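Here is the structure we will look at.
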Amino acid sequence: MTPVTIGEIIAHVLEGTALVEGGVDGVVYESGSEAGIAGADAASAAVTGVAVVFLATQALLEQAAALGVNLVISHEGLFYCHREDGAAWLPDDPVVRRKRELLRRTGITVVRCHDRPHRCQPDTITAGLVEALGWAPQVVTHEPAAAVVAIEPMTLAQVACHVKAKLGIPYVRIAGNPEQVCRRIGIAAGYRGGAGVAVPLIQAHGLDLVIAGEGPEWETPEYVRDAARQGRPLAYLALGHAESEEPGMRALAAQLRERFPGVPVHVLREEPLFSVL
């Protein structure tokens, strides 16, 4: 059997995503490239294993190397900003240098797969989150930046317990009355919890609750606070960015296993970023 190459996996992952102007998808670190950008001939190398992650942290790269992986598919970027080409501080930063040294030493290629899943209809990252929450049959509509589900009545506190159990996470944050009954819920993965997404969604679909990865705290949560003061029950639940998008990356890993059955595909997950004291 002809070995599957890194290039074949990358082509499949990014298929149909013309790397449009302003996009961030593509190879962000290629084995053998001193600068950590595309240019070496890593694409023709045989894949020894794939690790699918929300974000390629130092710990997960070390874990991938220990598993014999030479291709990491990461939803977010390697170096702490959405568009790394605009971060002037990156080349001289000691943390960045250590991380690049790890990649050089291990021969791992990193490809970012961010725009493609978010441009699908429905958004595959959001769809993965809805599926993980067990609410796929209750979807009312998939919009470009969110999904709306209609569930059997649950209090906000019950929704929080349900979400934690389904996603295997230790905590969530809520704004609103824990005893408020929720029936119609907007679900917005990643950094889509701001008012620009959430408020029009609330208005259009008569929502009781918005569940989001994250967003500015002074936008939607404060809208929820004022709505409650005015007598309108409304709630907001923040999962965390990684917690909201990891399920969609697990779905991508399942697709890779089906398409390339002979390739070891691992889903690697970090510990929660924050601790609650």
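Just remember, in the structure tokens the first chain shown is A, the second B, etc., residues are 1-based per chain, and ligands are 1-based in the order shown.
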
Inset, instruction - Please run DSSP on the backbone and report, as a ChimeraX atom specification, all residues within region 62-189 of chain A that come out as alpha helix (DSSP H). - result: /A:62-66,94-106,115-119,124-132,156-167

Legend entry - Members of region 112-213 of chain A assigned strand (DSSP E) by DSSP, as a count of residues only: 31

Inset, instruction - Grab the CA of Val28 (chain A) to CA of Cys81 (chain A) distance for me, in Å with one decimal place. - result: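 Taking CA of Val28 (chain A) and CA of Cys81 (chain A), their separation equals 12.7 Å.
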
Legend entry - Using only C-alpha atoms: which of A:Leu78, A:Ala145, A:Val263, A:Val210 has the shortest distance to Ile6 (chain A):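 Among the listed residues, A:Val263 lies closest to Ile6 (chain A).
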
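The smallest atom-to-atom distance between Gly7 (chain A) and any of A:Gln138, A:Gln230, A:Asn70, A:Gln63, using only C-alpha atoms, is found for A:Asn70.
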
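If you measure from each of A:Gly107, A:Pro94, A:Gly26, A:Gly190 to Leu61 (chain A) using only C-alpha atoms, the closest one turns out to be A:Gly107.
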
Legend entry - Distance query Val13 (chain A) at most 12 Å, only C-alpha atoms, self and fewer than 2 positions along chain excluded, as a PyMOL selection string: chain A and resi 6-11+15-18+25-27+50+52+71-75+111-117+249+252-257+259-260

Produce a file of the selected residues containing N, CA and C atoms, as a JSON list (two decimals), in the first residue's frame.
[["chain", "number", "residue", "atom", "x", "y", "z"],
["A", 6, "ILE", "N", 1.92, 13.72, 3.96],
["A", 6, "ILE", "CA", 1.45, 14.91, 4.67],
["A", 6, "ILE", "C", 0.65, 15.79, 3.72],
["A", 7, "GLY", "N", 1.12, 15.95, 2.50],
["A", 7, "GLY", "CA", 0.43, 16.79, 1.52],
["A", 7, "GLY", "C", -0.97, 16.32, 1.23],
["A", 8, "GLU", "N", -1.18, 15.00, 1.17],
["A", 8, "GLU", "CA", -2.52, 14.46, 0.91],
["A", 8, "GLU", "C", -3.48, 14.80, 2.05],
["A", 9, "ILE", "N", -2.99, 14.68, 3.27],
["A", 9, "ILE", "CA", -3.84, 15.01, 4.42],
["A", 9, "ILE", "C", -4.19, 16.49, 4.41],
["A", 10, "ILE", "N", -3.18, 17.33, 4.17],
["A", 10, "ILE", "CA", -3.43, 18.77, 4.16],
["A", 10, "ILE", "C", -4.42, 19.14, 3.06],
["A", 11, "ALA", "N", -4.24, 18.55, 1.87],
["A", 11, "ALA", "CA", -5.14, 18.85, 0.76],
["A", 11, "ALA", "C", -6.58, 18.48, 1.10],
["A", 15, "GLU", "N", -9.53, 21.20, 1.55],
["A", 15, "GLU", "CA", -10.22, 21.10, 0.27],
["A", 15, "GLU", "C", -11.40, 22.06, 0.21],
["A", 16, "GLY", "N", -11.49, 22.78, -0.89],
["A", 16, "GLY", "CA", -12.60, 23.69, -1.08],
["A", 16, "GLY", "C", -12.42, 25.03, -0.39],
["A", 17, "THR", "N", -11.34, 25.19, 0.37],
["A", 17, "THR", "CA", -11.08, 26.48, 0.99],
["A", 17, "THR", "C", -10.06, 27.20, 0.15],
["A", 18, "ALA", "N", -10.47, 27.84, -0.87],
["A", 18, "ALA", "CA", -9.51, 28.64, -1.58],
["A", 18, "ALA", "C", -8.95, 29.57, -0.53],
["A", 25, "ASP", "N", -5.94, 29.95, 6.95],
["A", 25, "ASP", "CA", -5.70, 28.53, 6.82],
["A", 25, "ASP", "C", -4.42, 28.25, 6.04],
["A", 26, "GLY", "N", -3.82, 27.09, 6.31],
["A", 26, "GLY", "CA", -2.64, 26.67, 5.58],
["A", 26, "GLY", "C", -1.54, 26.22, 6.52],
["A", 27, "VAL", "N", -0.39, 25.88, 5.94],
["A", 27, "VAL", "CA", 0.75, 25.43, 6.72],
["A", 27, "VAL", "C", 1.33, 26.61, 7.49],
["A", 50, "VAL", "N", -1.28, 11.68, 12.90],
["A", 50, "VAL", "CA", -1.89, 13.01, 12.89],
["A", 50, "VAL", "C", -2.45, 13.30, 14.28],
["A", 52, "VAL", "N", -5.02, 16.05, 16.06],
["A", 52, "VAL", "CA", -5.98, 17.12, 15.85],
["A", 52, "VAL", "C", -6.20, 17.82, 17.18],
["A", 71, "LEU", "N", 2.34, 15.31, 11.91],
["A", 71, "LEU", "CA", 1.44, 16.34, 11.38],
["A", 71, "LEU", "C", 0.43, 16.70, 12.46],
["A", 72, "VAL", "N", 0.38, 17.98, 12.81],
["A", 72, "VAL", "CA", -0.59, 18.49, 13.78],
["A", 72, "VAL", "C", -1.55, 19.42, 13.04],
["A", 73, "ILE", "N", -2.83, 19.19, 13.22],
["A", 73, "ILE", "CA", -3.86, 20.06, 12.63],
["A", 73, "ILE", "C", -4.48, 20.85, 13.78],
["A", 74, "SER", "N", -4.29, 22.16, 13.73],
["A", 74, "SER", "CA", -4.70, 23.04, 14.83],
["A", 74, "SER", "C", -5.75, 24.02, 14.33],
["A", 75, "HIS", "N", -6.79, 24.23, 15.13],
["A", 75, "HIS", "CA", -7.82, 25.20, 14.75],
["A", 75, "HIS", "C", -7.30, 26.62, 14.90],
["A", 111, "VAL", "N", -0.45, 22.49, 10.51],
["A", 111, "VAL", "CA", -1.35, 23.15, 9.56],
["A", 111, "VAL", "C", -2.53, 23.72, 10.33],
["A", 112, "ARG", "N", -2.91, 24.92, 9.96],
["A", 112, "ARG", "CA", -4.05, 25.54, 10.63],
["A", 112, "ARG", "C", -5.31, 25.33, 9.79],
["A", 113, "CYS", "N", -6.36, 24.85, 10.45],
["A", 113, "CYS", "CA", -7.64, 24.63, 9.79],
["A", 113, "CYS", "C", -8.70, 25.42, 10.57],
["A", 114, "HIS", "N", -8.86, 26.67, 10.21],
["A", 114, "HIS", "CA", -9.75, 27.58, 10.92],
["A", 114, "HIS", "C", -10.89, 28.07, 10.03],
["A", 115, "ASP", "N", -10.53, 28.64, 8.90],
["A", 115, "ASP", "CA", -11.54, 29.29, 8.06],
["A", 115, "ASP", "C", -12.47, 28.30, 7.39],
["A", 116, "ARG", "N", -11.91, 27.17, 6.92],
["A", 116, "ARG", "CA", -12.75, 26.24, 6.18],
["A", 116, "ARG", "C", -13.96, 25.76, 6.99],
["A", 117, "PRO", "N", -13.77, 25.23, 8.21],
["A", 117, "PRO", "CA", -14.95, 24.76, 8.94],
["A", 117, "PRO", "C", -15.94, 25.87, 9.28],
["A", 249, "MET", "N", -13.53, 20.04, 16.31],
["A", 249, "MET", "CA", -12.26, 19.46, 15.87],
["A", 249, "MET", "C", -12.27, 17.94, 16.05],
["A", 252, "LEU", "N", -13.78, 16.65, 13.00],
["A", 252, "LEU", "CA", -12.81, 16.62, 11.90],
["A", 252, "LEU", "C", -11.92, 15.38, 12.00],
["A", 253, "ALA", "N", -11.50, 15.03, 13.20],
["A", 253, "ALA", "CA", -10.67, 13.83, 13.39],
["A", 253, "ALA", "C", -11.42, 12.59, 12.93],
["A", 254, "ALA", "N", -12.71, 12.51, 13.24],
["A", 254, "ALA", "CA", -13.51, 11.36, 12.82],
["A", 254, "ALA", "C", -13.57, 11.28, 11.29],
["A", 255, "GLN", "N", -13.68, 12.41, 10.63],
["A", 255, "GLN", "CA", -13.68, 12.43, 9.16],
["A", 255, "GLN", "C", -12.34, 11.92, 8.62],
["A", 256, "LEU", "N", -11.25, 12.32, 9.25],
["A", 256, "LEU", "CA", -9.93, 11.89, 8.79],
["A", 256, "LEU", "C", -9.76, 10.38, 8.96],
["A", 257, "ARG", "N", -10.24, 9.84, 10.06],
["A", 257, "ARG", "CA", -10.14, 8.39, 10.27],
["A", 257, "ARG", "C", -10.90, 7.63, 9.20],
["A", 259, "ARG", "N", -11.60, 8.77, 6.12],
["A", 259, "ARG", "CA", -10.99, 8.99, 4.80],
["A", 259, "ARG", "C", -9.64, 8.29, 4.68],
["A", 260, "PHE", "N", -8.87, 8.23, 5.78],
["A", 260, "PHE", "CA", -7.53, 7.63, 5.76],
["A", 260, "PHE", "C", -7.45, 6.56, 6.84]]

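Restricting the calculation to only C-alpha atoms, the smallest distance between Lys164 (chain A) and any of A:Ala188, A:Ala51, A:Leu133, A:Ala212 is found for A:Leu133.
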
Inset, instruction - Work out how far CA of Gln158 (chain A) is from CA of Arg184 (chain A), in Å to one decimal. - result: 14.1 Å

Inset, instruction - Name the closest residue to Asp123 (chain A) among the candidates A:Gln203, A:Thr48, A:Thr141, A:Thr220; distances are taken between atoms, counting only C-alpha atoms. - result: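 The answer is A:Thr141, which sits nearest to Asp123 (chain A).
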
Legend entry - Residue neighbourhood Met154 (chain A), 12 Å, only C-alpha atoms, exclusion window fewer than 4 positions, as a ChimeraX atom specification: /A:150,158-163,178-185,208-209

Output C-alpha atoms for every residue in that selection, as a compact mmCIF listing (two decimals), in the first residue's frame.
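Contents of part_2.txt, as written:
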# COMPACT_ATOMS: atom_id res chain seq x y z
CA ALA A 150 -35.58 24.42 20.94
CA GLN A 158 -29.95 22.60 34.82
CA VAL A 159 -28.60 23.70 31.44
CA ALA A 160 -25.25 24.47 33.08
CA CYS A 161 -25.10 20.98 34.62
CA HIS A 162 -26.09 19.40 31.30
CA VAL A 163 -23.42 21.31 29.40
CA PRO A 178 -30.13 30.31 37.70
CA GLU A 179 -33.83 29.47 38.12
CA GLN A 180 -34.84 31.03 34.79
CA VAL A 181 -36.55 28.53 32.49
CA CYS A 182 -34.86 28.11 29.11
CA ARG A 183 -36.53 26.73 25.99
CA ARG A 184 -34.97 28.50 22.99
CA ILE A 185 -31.19 28.69 23.00
CA ASP A 208 -34.12 32.71 26.51
CA LEU A 209 -30.40 31.90 26.60

Legend entry - Shell around Gly262 (chain A) at 10 Å using only C-alpha atoms, local window under 5 positions removed, as number ranges by chain: A: 1, 3-4, 49, 257

Inset, instruction - Name the closest residue to Ala64 (chain A) among the candidates A:Ala198, A:Leu103, A:Leu129, A:Leu239; distances are taken between atoms, counting only C-alpha atoms. - result: A:Leu103

Legend entry - Shell of 10 Å around Glu219 (chain A), only C-alpha atoms, local chain residues under 6 positions omitted, as JSON, numbers by chain: {"A": [193, 194, 195, 196, 198, 199]}
